[in-house]
Structure formats: C-alpha cells, structure tokens
$ cat data_23.csv   # CSV, C-alpha atoms
chain,number,residue,atom,x,y,z
A,1,MET,CA,128.2,-189.3,-51.6
A,2,ASN,CA,131.4,-187.3,-51.4
A,3,PRO,CA,130.2,-183.6,-50.9
A,4,PHE,CA,132.7,-182.4,-53.6
A,5,LEU,CA,131.2,-184.8,-56.1
A,6,LYS,CA,127.7,-183.6,-55.2
A,7,ILE,CA,128.7,-180.0,-55.8
A,8,LYS,CA,130.3,-180.9,-59.1
A,9,GLN,CA,127.1,-182.8,-60.1
A,10,SER,CA,125.0,-179.7,-59.3
A,11,ILE,CA,127.4,-177.5,-61.4
A,12,VAL,CA,127.1,-180.0,-64.3
A,13,GLU,CA,123.3,-180.0,-64.0
A,14,LEU,CA,123.2,-176.2,-63.9
A,15,SER,CA,125.4,-176.0,-67.0
A,16,GLN,CA,123.2,-178.5,-68.8
A,17,LYS,CA,119.9,-176.7,-68.1
A,18,HIS,CA,120.7,-173.1,-68.7
A,19,GLU,CA,122.0,-171.0,-71.5
A,20,ILE,CA,125.3,-169.1,-71.0
A,21,ALA,CA,123.5,-165.7,-71.2
A,22,GLU,CA,121.2,-166.7,-68.4
A,23,ILE,CA,124.2,-168.0,-66.3
A,24,GLN,CA,126.1,-164.8,-66.9
A,25,LYS,CA,123.0,-162.6,-66.1
A,26,TRP,CA,122.4,-164.2,-62.6
A,27,GLY,CA,126.1,-165.0,-61.9
A,28,GLY,CA,127.2,-161.5,-63.0
A,29,THR,CA,124.7,-159.9,-60.7
A,30,MET,CA,125.8,-161.9,-57.7
A,31,ALA,CA,129.5,-161.4,-58.6
A,32,MET,CA,128.9,-157.6,-58.6
A,33,GLY,CA,127.2,-157.7,-55.2
A,34,PHE,CA,129.9,-159.9,-53.7
A,35,SER,CA,132.7,-157.7,-55.2
A,36,ALA,CA,131.1,-154.5,-53.7
A,37,LEU,CA,130.9,-156.1,-50.3
A,38,ALA,CA,134.5,-157.4,-50.5
A,39,PHE,CA,135.9,-153.9,-51.4
A,40,THR,CA,133.7,-152.3,-48.7
A,41,GLY,CA,135.4,-154.7,-46.3
A,42,SER,CA,138.8,-153.7,-47.5
A,43,VAL,CA,138.0,-150.0,-46.8
A,44,LEU,CA,136.4,-150.7,-43.4
A,45,LEU,CA,139.4,-152.8,-42.3
A,46,ASN,CA,141.9,-150.2,-43.4
A,47,LYS,CA,143.2,-148.3,-40.3
A,48,GLY,CA,145.1,-145.8,-42.4
A,49,ILE,CA,142.0,-144.1,-43.8
A,50,PRO,CA,140.6,-141.2,-41.7
A,51,LYS,CA,137.0,-141.6,-40.5
A,52,GLU,CA,135.5,-138.8,-42.7
A,53,GLN,CA,137.1,-140.3,-45.9
A,54,LYS,CA,136.2,-143.8,-44.8
A,55,GLU,CA,132.5,-142.8,-44.6
A,56,PHE,CA,132.7,-141.4,-48.1
A,57,LEU,CA,134.5,-144.5,-49.6
A,58,VAL,CA,132.2,-147.0,-47.9
A,59,SER,CA,129.0,-145.2,-49.2
A,60,GLN,CA,130.7,-144.8,-52.6
A,61,GLU,CA,131.5,-148.5,-52.8
A,62,LEU,CA,128.0,-149.6,-51.6
A,63,ALA,CA,126.4,-147.2,-54.1
A,64,ASP,CA,128.7,-148.5,-56.8
A,65,GLY,CA,127.5,-152.1,-56.2
A,66,ALA,CA,123.8,-151.1,-56.1
A,67,ILE,CA,124.0,-148.9,-59.3
A,68,ASN,CA,126.0,-151.6,-61.1
A,69,VAL,CA,123.4,-154.3,-60.4
A,70,THR,CA,120.5,-151.9,-61.2
A,71,LEU,CA,122.1,-150.8,-64.5
A,72,PHE,CA,123.0,-154.3,-65.4
A,73,TRP,CA,119.3,-155.3,-65.2
A,74,VAL,CA,117.7,-152.1,-66.5
A,75,MET,CA,120.2,-151.0,-69.1
A,76,THR,CA,122.7,-153.6,-70.3
A,77,GLY,CA,120.1,-156.3,-70.5
A,78,GLN,CA,117.8,-154.0,-72.4
A,79,PHE,CA,120.6,-153.2,-74.9
A,80,LYS,CA,121.1,-156.9,-75.6
A,81,ASP,CA,117.4,-157.6,-75.8
A,82,TRP,CA,117.0,-154.7,-78.3
A,83,ALA,CA,119.8,-156.1,-80.4
A,84,GLU,CA,118.2,-159.5,-80.5
A,85,ARG,CA,114.8,-158.0,-81.4
A,86,GLU,CA,116.3,-156.0,-84.3
A,87,ILE,CA,118.1,-159.1,-85.6
A,88,LYS,CA,114.9,-161.3,-85.3
A,89,ALA,CA,112.9,-158.5,-87.1
A,90,GLY,CA,115.3,-158.7,-90.0
A,91,LYS,CA,116.5,-155.1,-89.7
A,92,ILE,CA,120.3,-155.6,-89.2
A,93,PHE,CA,122.6,-156.9,-91.9
A,94,PRO,CA,126.2,-156.5,-93.0
A,95,GLU,CA,127.0,-154.2,-95.9
A,96,THR,CA,128.4,-157.2,-97.9
A,97,VAL,CA,124.9,-158.7,-98.4
A,98,LYS,CA,123.1,-155.5,-99.1
A,99,LYS,CA,122.3,-156.4,-102.7
A,100,GLU,CA,120.9,-159.8,-101.9
A,101,VAL,CA,118.8,-158.6,-99.0
A,102,GLU,CA,117.4,-155.6,-100.9
A,103,LYS,CA,116.5,-157.9,-103.8
A,104,ILE,CA,114.5,-160.1,-101.4
A,105,LYS,CA,112.9,-157.1,-99.7
A,106,SER,CA,111.9,-155.6,-103.0
A,107,ASP,CA,109.1,-158.2,-103.0
A,108,PRO,CA,106.2,-156.3,-101.2
A,109,SER,CA,105.2,-159.5,-99.3
A,110,LEU,CA,108.7,-159.7,-97.8
A,111,LYS,CA,109.3,-156.0,-97.2
A,112,ASP,CA,109.0,-156.3,-93.4
A,113,ALA,CA,109.8,-160.1,-93.2
A,114,PRO,CA,111.6,-161.3,-90.1
A,115,TRP,CA,115.1,-162.9,-90.3
A,116,GLU,CA,113.6,-166.4,-90.1
A,117,LYS,CA,111.8,-165.8,-93.4
A,118,ILE,CA,114.7,-164.2,-95.2
A,119,MET,CA,117.2,-166.9,-94.1
A,120,PRO,CA,115.9,-169.7,-96.4
A,121,LEU,CA,116.1,-167.5,-99.4
A,122,LEU,CA,119.8,-166.9,-99.1
A,123,SER,CA,122.7,-169.3,-99.9
A,124,LYS,CA,124.3,-171.2,-97.0
A,125,GLU,CA,127.5,-169.2,-97.2
A,126,LYS,CA,125.6,-165.9,-96.9
A,127,VAL,CA,123.5,-167.2,-94.0
A,128,ASP,CA,126.7,-168.3,-92.2
A,129,GLU,CA,128.3,-164.8,-92.9
A,130,ILE,CA,125.2,-163.0,-91.6
A,131,SER,CA,124.9,-165.2,-88.5
A,132,LYS,CA,128.5,-164.5,-87.6
A,133,PHE,CA,127.9,-160.8,-88.1
A,134,HIS,CA,124.7,-161.0,-85.9
A,135,THR,CA,126.7,-162.6,-83.0
A,136,GLY,CA,129.3,-159.8,-83.3
A,137,PHE,CA,126.6,-157.2,-83.4
A,138,LYS,CA,124.9,-158.6,-80.2
A,139,ASN,CA,128.3,-158.7,-78.5
A,140,ALA,CA,129.1,-155.1,-79.6
A,141,VAL,CA,125.8,-153.7,-78.3
A,142,SER,CA,126.1,-155.6,-75.1
A,143,LEU,CA,129.7,-154.4,-74.6
A,144,GLY,CA,128.7,-150.8,-75.5
A,145,GLY,CA,125.9,-150.9,-72.9
A,146,SER,CA,128.3,-152.3,-70.2
A,147,LEU,CA,131.0,-149.7,-71.0
A,148,LEU,CA,128.5,-146.8,-70.9
A,149,ALA,CA,127.2,-148.1,-67.5
A,150,ALA,CA,130.5,-148.9,-65.9
A,151,CYS,CA,132.6,-146.0,-67.3
A,152,ILE,CA,130.3,-143.1,-67.2
A,153,ILE,CA,126.9,-143.5,-65.4
A,154,THR,CA,128.1,-145.6,-62.4
A,155,PRO,CA,131.0,-143.3,-61.3
A,156,ILE,CA,129.0,-140.1,-61.7
A,157,VAL,CA,125.9,-141.3,-59.8
A,158,ARG,CA,127.9,-143.1,-57.1
A,159,ASN,CA,130.0,-139.9,-56.5
A,160,ILE,CA,126.8,-137.8,-56.2
A,161,ILE,CA,125.3,-140.3,-53.7
A,162,ALA,CA,128.6,-140.6,-51.6
A,163,SER,CA,129.2,-136.8,-51.6
A,164,THR,CA,125.6,-136.1,-50.5
A,165,TYR,CA,125.9,-138.7,-47.7
A,166,GLN,CA,129.3,-137.2,-46.6
A,167,LYS,CA,127.8,-133.6,-46.6
A,168,GLY,CA,124.8,-134.8,-44.7
A,169,ASN,CA,127.0,-136.5,-42.1
A,170,ASN,CA,129.2,-133.4,-41.7
A,171,ASN,CA,126.1,-131.1,-41.2
A,172,ASN,CA,124.8,-133.5,-38.5
A,173,ASN,CA,128.1,-133.5,-36.7
A,174,VAL,CA,128.0,-129.7,-36.6
A,175,ILE,CA,124.5,-129.6,-35.2
A,176,ASP,CA,125.3,-132.3,-32.6
A,177,LYS,CA,128.1,-130.2,-31.2
A,178,PRO,CA,127.2,-128.5,-27.9
A,179,LYS,CA,126.8,-124.7,-28.2
A,180,ILE,CA,128.7,-124.1,-24.9
A,181,ALA,CA,131.8,-126.0,-25.8
A,182,GLN,CA,134.0,-125.1,-22.7
A,183,PRO,CA,132.8,-126.3,-19.3
A,184,VAL,CA,133.0,-123.7,-16.5
A,185,GLN,CA,135.1,-124.7,-13.5
A,186,ILE,CA,133.6,-123.6,-10.2
A,187,VAL,CA,136.0,-123.4,-7.2
A,188,THR,CA,134.2,-124.2,-4.0
A,189,GLU,CA,137.2,-124.4,-1.6
A,190,LYS,CA,137.8,-121.5,0.7
A,191,PRO,CA,141.3,-120.0,0.8
A,192,GLN,CA,143.3,-121.4,3.8
A,193,ILE,CA,144.7,-118.8,6.1
A,194,SER,CA,147.3,-121.2,7.5
A,195,SER,CA,148.8,-121.3,4.1
A,196,VAL,CA,150.1,-117.7,4.6
A,197,THR,CA,153.5,-117.8,6.0
A,198,LYS,CA,155.4,-115.2,8.0
A,199,THR,CA,157.7,-114.4,5.2
A,200,GLN,CA,154.9,-113.5,2.8
A,201,THR,CA,154.1,-109.9,2.4
A,202,PHE,CA,150.8,-108.3,1.4
A,203,GLN,CA,150.5,-105.0,-0.2
A,204,SER,CA,147.6,-102.7,0.8
A,205,ARG,CA,145.8,-100.3,-1.6
A,206,ALA,CA,148.0,-97.5,-0.2
A,207,GLY,CA,151.1,-99.3,-1.0
A,208,MET,CA,152.1,-99.8,2.7
A,209,ARG,CA,153.6,-103.0,3.9
A,210,ILE,CA,151.7,-104.8,6.6
B,1,MET,CA,85.8,-151.3,-79.0
B,2,ARG,CA,87.2,-150.5,-82.4
B,3,LEU,CA,90.3,-148.2,-82.8
B,4,SER,CA,90.5,-145.7,-85.7
B,5,THR,CA,93.3,-146.1,-88.2
B,6,ALA,CA,95.2,-143.2,-86.7
B,7,GLU,CA,94.9,-144.7,-83.2
B,8,GLN,CA,96.1,-148.1,-84.5
B,9,ARG,CA,99.1,-146.4,-86.2
B,10,TYR,CA,99.9,-144.6,-82.9
B,11,CYS,CA,99.7,-147.8,-80.9
B,12,GLN,CA,102.1,-149.5,-83.4
B,13,ASN,CA,104.5,-146.6,-83.3
B,14,SER,CA,104.5,-146.5,-79.5
B,15,ASN,CA,105.2,-150.3,-79.3
B,16,ASN,CA,108.1,-150.0,-81.7
B,17,ASN,CA,109.6,-146.8,-80.4
B,18,MET,CA,112.8,-148.6,-79.6
B,19,SER,CA,113.1,-150.1,-83.1
B,20,PHE,CA,114.8,-149.0,-86.3
B,21,SER,CA,112.3,-147.8,-88.9
B,22,GLY,CA,114.1,-149.4,-91.8
B,23,THR,CA,116.8,-152.0,-92.5
B,24,ARG,CA,120.4,-151.1,-91.6
B,25,TYR,CA,123.5,-152.3,-93.3
B,26,LEU,CA,126.5,-152.0,-91.1
B,27,PRO,CA,130.3,-152.4,-91.8
B,28,LYS,CA,131.0,-156.1,-91.4
B,29,LYS,CA,134.7,-155.9,-90.4
B,30,TYR,CA,134.0,-154.1,-87.1
B,31,PHE,CA,131.5,-156.6,-85.9
B,32,ASP,CA,133.2,-159.7,-87.1
B,33,ARG,CA,136.1,-159.0,-84.7
B,34,LEU,CA,133.6,-159.3,-81.8
B,35,THR,CA,132.1,-162.6,-82.9
B,36,HIS,CA,134.1,-164.8,-80.6
B,37,MET,CA,134.2,-162.4,-77.7
B,38,SER,CA,134.3,-164.5,-74.5
B,39,SER,CA,133.5,-163.3,-70.9
B,40,PHE,CA,137.3,-162.9,-70.5
B,41,ASP,CA,137.5,-160.4,-73.4
B,42,GLN,CA,134.5,-158.5,-72.1
B,43,ARG,CA,136.0,-158.3,-68.6
B,44,LEU,CA,139.3,-157.1,-70.1
B,45,ALA,CA,137.5,-154.4,-72.2
B,46,ILE,CA,135.5,-153.2,-69.2
B,47,GLY,CA,138.6,-153.2,-67.0
B,48,ALA,CA,140.5,-151.0,-69.5
B,49,GLY,CA,137.6,-148.7,-70.0
B,50,THR,CA,137.0,-148.2,-66.3
B,51,LEU,CA,140.7,-147.6,-65.7
B,52,LEU,CA,140.6,-144.8,-68.3
B,53,CYS,CA,137.3,-143.2,-67.2
B,54,GLN,CA,136.7,-143.7,-63.5
B,55,PRO,CA,139.9,-142.1,-61.9
B,56,PRO,CA,139.5,-138.8,-63.7
B,57,ILE,CA,135.8,-138.6,-62.8
B,58,ASP,CA,136.7,-139.3,-59.1
B,59,TYR,CA,139.6,-136.7,-59.2
B,60,PHE,CA,137.4,-134.0,-60.6
B,61,ASN,CA,134.4,-134.6,-58.3
B,62,PRO,CA,133.4,-131.1,-57.4
B,63,MET,CA,131.2,-132.2,-54.5
B,64,THR,CA,133.9,-133.2,-52.0
B,65,ASP,CA,137.2,-132.0,-50.6
B,66,GLU,CA,140.7,-132.6,-52.1
B,67,LYS,CA,141.8,-135.2,-49.5
B,68,THR,CA,138.6,-137.3,-50.0
B,69,ARG,CA,139.1,-137.1,-53.8
B,70,LYS,CA,142.6,-138.4,-53.6
B,71,PHE,CA,141.5,-141.3,-51.4
B,72,SER,CA,138.7,-142.0,-53.8
B,73,VAL,CA,141.1,-142.1,-56.8
B,74,ILE,CA,143.4,-144.5,-54.9
B,75,LYS,CA,140.6,-146.8,-54.0
B,76,THR,CA,139.2,-146.8,-57.5
B,77,VAL,CA,142.5,-147.6,-59.2
B,78,VAL,CA,143.4,-150.3,-56.7
B,79,LYS,CA,139.9,-151.8,-57.0
B,80,ILE,CA,140.0,-151.8,-60.9
B,81,LEU,CA,143.5,-153.4,-61.0
B,82,VAL,CA,142.8,-156.0,-58.3
B,83,GLY,CA,139.3,-156.8,-59.5
B,84,THR,CA,140.2,-157.0,-63.2
B,85,ALA,CA,143.3,-159.2,-62.5
B,86,THR,CA,141.5,-161.7,-60.3
B,87,GLY,CA,138.4,-161.6,-62.5
B,88,LEU,CA,140.5,-162.4,-65.6
B,89,LEU,CA,142.6,-165.1,-64.0
B,90,ILE,CA,139.6,-166.9,-62.4
B,91,ARG,CA,137.6,-166.8,-65.7
B,92,LYS,CA,140.5,-168.1,-67.7
B,93,GLY,CA,141.1,-170.7,-65.0
B,94,GLY,CA,137.5,-171.9,-65.1
B,95,MET,CA,137.6,-172.4,-68.8
B,96,ILE,CA,140.9,-174.2,-68.7
B,97,LEU,CA,139.6,-176.5,-65.9
B,98,ALA,CA,136.4,-177.2,-67.8
B,99,GLU,CA,138.3,-178.0,-71.1
B,100,ARG,CA,140.8,-180.3,-69.2
B,101,GLN,CA,138.0,-182.2,-67.4
B,102,LEU,CA,136.0,-182.8,-70.6
B,103,LYS,CA,139.0,-183.9,-72.6
B,104,ASP,CA,138.3,-187.4,-71.5
B,105,SER,CA,134.5,-187.2,-71.6
B,106,GLU,CA,134.0,-190.9,-70.7
B,107,LYS,CA,135.9,-190.4,-67.5
B,108,PHE,CA,133.9,-187.2,-66.8
B,109,ILE,CA,130.6,-189.0,-67.3
B,110,SER,CA,131.7,-192.1,-65.2
B,111,LYS,CA,132.1,-189.8,-62.1
B,112,ILE,CA,128.5,-188.6,-62.4
B,113,LYS,CA,126.3,-190.8,-60.2
B,114,ASP,CA,122.9,-189.4,-61.1
B,115,LYS,CA,121.6,-191.4,-64.1
B,116,LYS,CA,119.5,-188.6,-65.6
B,117,ILE,CA,122.4,-186.1,-65.6
B,118,ALA,CA,124.8,-188.8,-66.9
B,119,SER,CA,122.6,-189.8,-69.8
B,120,LYS,CA,122.1,-186.1,-70.8
B,121,MET,CA,125.9,-185.7,-70.6
B,122,LYS,CA,126.4,-188.6,-73.0
B,123,GLU,CA,124.0,-186.9,-75.4
B,124,ILE,CA,125.9,-183.6,-75.1
B,125,CYS,CA,129.3,-185.2,-75.6
B,126,ALA,CA,128.1,-187.0,-78.8
B,127,ASP,CA,127.5,-183.6,-80.5
B,128,ASP,CA,130.6,-181.4,-81.0
B,129,HIS,CA,128.6,-178.1,-81.0
B,130,LYS,CA,126.7,-179.0,-77.9
B,131,LYS,CA,129.9,-180.1,-76.2
B,132,LYS,CA,131.6,-176.8,-76.9
B,133,GLN,CA,128.6,-175.0,-75.6
B,134,PHE,CA,128.6,-177.1,-72.4
B,135,ILE,CA,132.3,-176.5,-71.9
B,136,SER,CA,131.7,-172.8,-72.2
B,137,ASN,CA,128.7,-173.0,-69.7
B,138,TYR,CA,130.6,-175.2,-67.3
B,139,GLY,CA,133.7,-173.0,-67.4
B,140,THR,CA,131.6,-169.9,-66.8
B,141,VAL,CA,129.9,-171.5,-63.7
B,142,LEU,CA,133.3,-172.7,-62.3
B,143,GLY,CA,134.7,-169.2,-63.0
B,144,LEU,CA,131.8,-167.5,-61.2
B,145,LEU,CA,132.2,-169.8,-58.2
B,146,GLY,CA,135.9,-168.9,-58.2
B,147,VAL,CA,134.9,-165.2,-58.3
B,148,PHE,CA,132.7,-165.5,-55.2
B,149,ILE,CA,135.5,-167.3,-53.2
B,150,GLY,CA,138.2,-165.1,-54.6
B,151,ASP,CA,136.4,-161.8,-53.7
B,152,PHE,CA,136.8,-162.4,-49.9
B,153,THR,CA,140.0,-164.6,-49.8
B,154,PHE,CA,142.1,-162.6,-52.3
B,155,ASP,CA,140.5,-159.3,-53.5
B,156,MET,CA,139.7,-158.0,-50.0
B,157,PRO,CA,143.1,-158.4,-48.3
B,158,VAL,CA,145.1,-157.4,-51.5
B,159,ALA,CA,142.9,-154.3,-52.0
B,160,LYS,CA,143.3,-153.4,-48.3
B,161,PHE,CA,147.1,-153.7,-48.7
B,162,GLY,CA,147.0,-151.8,-52.0
B,163,ILE,CA,145.1,-148.9,-50.6
B,164,GLN,CA,147.4,-148.7,-47.6
B,165,PHE,CA,150.5,-148.9,-49.8
B,166,ALA,CA,149.3,-146.2,-52.2
B,167,SER,CA,148.1,-144.0,-49.3
B,168,ASP,CA,151.6,-144.2,-47.8
B,169,ILE,CA,153.3,-143.4,-51.2
B,170,PHE,CA,151.1,-140.3,-51.7
B,171,GLY,CA,151.4,-139.2,-48.1
B,172,LEU,CA,147.8,-139.6,-47.2
B,173,SER,CA,148.1,-142.2,-44.4
B,174,GLU,CA,147.3,-141.3,-40.9
B,175,TYR,CA,150.2,-143.4,-39.7
B,176,GLU,CA,152.6,-141.0,-41.4
B,177,LYS,CA,150.9,-138.0,-39.7
B,178,LYS,CA,151.3,-139.7,-36.3
B,179,GLU,CA,154.9,-140.5,-37.0
B,180,GLY,CA,155.5,-136.9,-38.2
B,181,LYS,CA,154.1,-135.5,-34.9
B,182,LYS,CA,156.5,-137.7,-32.9
$ encode --input "data_23.csv" --output "structure tokens"
Amino acid sequence: MNPFLKIKQSIVELSQKHEIAEIQKWGGTMAMGFSALAFTGSVLLNKGIPKEQKEFLVSQELADGAINVTLFWVMTGQFKDWAEREIKAGKIFPETVKKEVEKIKSDPSLKDAPWEKIMPLLSKEKVDEISKFHTGFKNAVSLGGSLLAACIITPIVRNIIASTYQKGNNNNNVIDKPKIAQPVQIVTEKPQISSVTKTQTFQSRAGMRI
Amino acid sequence: MRLSTAEQRYCQNSNNNMSFSGTRYLPKKYFDRLTHMSSFDQRLAIGAGTLLCQPPIDYFNPMTDEKTRKFSVIKTVVKILVGTATGLLIRKGGMILAERQLKDSEKFISKIKDKKIASKMKEICADDHKKKQFISNYGTVLGLLGVFIGDFTFDMPVAKFGIQFASDIFGLSEYEKKEGKK
C-alpha cells in the first residue's frame, strides 16, 4: 500500500478511537516538548548570542518546556477534571435556571442529586441551555488554568531555574581559573660578549668612561 | 473496623476538599461565549496572554544581569510571535483540510482499504453529530502533525533569524561589537 495512504488510514483510525480531549492531552504534551526543542535549537544555532547569555537562554527554554509539560498534566488537567466533577455532581448552573433547579433541590431526596438525576426533571429547552453553559464553563476553567500556568507560573519558575544555573556556571568558572594567572618567563641564555661593539660605551659606578 | 460518625464526616470532607459545598449559579452570558471555543481560539488567547505577561516578567527578572535580561525578552517575544502564528495557521489548516476531505464522504471512505475502519467511517458519516465530532478530531490530529513538522522546518529557522534581527536592532549582537572594534 502507498505509505501516505497507510499514514492517512492510521490518522483516521486514531480520530475514530479517541475523544478530542484525549488527543489534545497527548498531542499537546508532545507539541510542547517539540516546540521547546526547536526553540532551544534556534538559540544554540544563533552565532550572535554571547556564550554566557546562550547558556541562560538554553536552560530557560529547556526549563520552559519541562515546566509547561508538568503543569499541563498536574494543573491544567486537574482544573478541567474538577470542572467536570462539579458539573456531574449537579453543583454548577446558570443564573437563568436558578428558580427551576432550586425547586427541584427543595425536595430532600434530591438535595444532593447529581446532574444526571436533575436533567430528566427539566424541560428540553432548559437542558439544552444548561448543557451549552456547562461546555462554556469547562472551557473557561480549562482556559483559566492554561493562562495561569503559561502567563504567570511558567515564566517565573523557568527564570529562577535559568538564573540559578547561570550563577552556578559563573561561580564554577571563577573557581576553575588558575590562581597564578601570569606565567613567569625564565631567561636561560647567557649575554653574548661578541654583541658588544667598539662604539658602545659603558659607564662605571664612578661615572668614568671605559 | 467501624469508623465513628465524626471520623466518617472527616473522611467525606477530605475526599471532597476540592469541591463546592453548595450549588453555584453563575452568570450565563460570560460562559456562553466560550461554548464553541476551538483549539484555535484557545491558542490565540494563550498567545495574547503570554505576550502581555512573559516579556515584563523576563525584563524585571532580578536574578540576572541587564544584558541577559534583554536577550531573554527578545527570545520570549520572538518565540511567542512565531510560535503563535505557526500554531494558529497549522491548526486552522488542519481543520480546513479535514472539512474539505470529508465534504465528499463517499470518496473519503473509498480510499480507506481497511474494511473495519471503512465500515466504522460509514457509520460515523451517517450521523451528522458524529461526523462533526470526527472532523474536529481528524483536523486536530492533522494540525498536531503539522505542528511537529512545522516546529523544526519553520519555527526554528524563523526564530533564529528573528532573534538575530532583533538583537541587531537593539545593539546586542556580537557582530556589531566586532564591527565596531574594526
């Protein structure tokens, strides 16, 4: 089979089997890693950046990639999971359906009822309205988590890592420098008498000409 | 072993410590706007947010010298601009390609040789909602593949040029120093 068709078939199979959130989770992680490597390469290949700054920028970029991936799994994913849990638990609703939901929840047996149990008791219009709102809420929480990670946490942490690495490197360079920096030149050759010509004059301690 | 009522309550609370204690009613208009947020919109929002926040954080980094800080700001701005532009173009391109390919679903299915995948594809194309979801998945996978290829073929050389260009403009390039000495 044509290799391109085989690749296309694999992509179709992947798209059939998995949900978009799962694809974005794995694909996003890989994309972040690849992006960090590509930008590290762009700094390393750049001849105009001095060595000291290059060390800082490379460690900053690698730290950026590592922190992004970690935060994506630890924080952003957790934000989204939390939003889904709250929705399923029947704890998040739009203001527009407050009366209807409170009426249902006034029944003691339905006080802590999950969304699945509340849903059949509402009209189709209201269910559609709430479902639309729930999708928006999940997206907002997920976006909020991503923005917090990418805009605040990642740049601060990666700068601390890169600065610490740069300082450590500078200190090592200072220690590595030899304490006696200037080599002593020893002259072993004897002065040649033949080099003294007749016209040259030497002055004695008494100031008399020889 | 039986737990006392107080212990049971403590266990329940510790399991639900990340949960709202009651029902929350939030303003609908703010969240409805985000209902149809695609990965394109999300990338755009993150690109704009990082462009606003990251350069000032780099510029006021108290742990390094001024020259390094300036290089850091240049690298960050170039990275965000190049990364966001290619990320958005590739994501949009992936979705457009997926929509175009599935416009004629019969032709799309006829090219799939594996019988299992083809029959599942027929099932998906028969349902409008499933088809839309598949197009979104397929476009995302195509876009992600594009991102992997684009990172090294486009982002890396363009970012290298961008950093060099900006360093020259702000007088940070070593080339300029050497030329100045001559």
$ interface_residues --input "data_23.csv" --of "chain A" --to "chain B" --cutoff "8 Å" --atoms "only C-alpha atoms" --output "PyMOL selection string"
chain A and resi 5+9+11-13+15-16+19-20+23-24+27-28+31+34-35+38-39+41-43+45-46+48-50+53+56-57+82+86+90-96+98+132-133+135-137+139-140+143+146-147+150-152+155-156+159-160+163-164
$ atom_distance --input "data_23.csv" --atom1 "atom CA of B:Ile90" --atom2 "atom CA of A:Leu37"
18.4 Å
$ residues_around --input "data_23.csv" --residues "A:Ser142" --least-positions-apart "3" --cutoff "8 Å" --atoms "only C-alpha atoms" --output "ChimeraX atom specification"
/A:76-77,79-80,138-139,145-146
$ atom_distance --input "data_23.csv" --atom1 "atom CA of B:Lys131" --atom2 "atom CA of A:Lys8"
17.1 Å
$ atom_distance --input "data_23.csv" --atom1 "atom CA of B:Lys115" --atom2 "atom CA of A:His18"
18.9 Å
$ closest_residue --input "data_23.csv" --among "A:Arg85, A:Leu121, A:Pro3, A:Ala66" --to "A:Lys103" --atoms "all atoms listed in the file"
A:Leu121
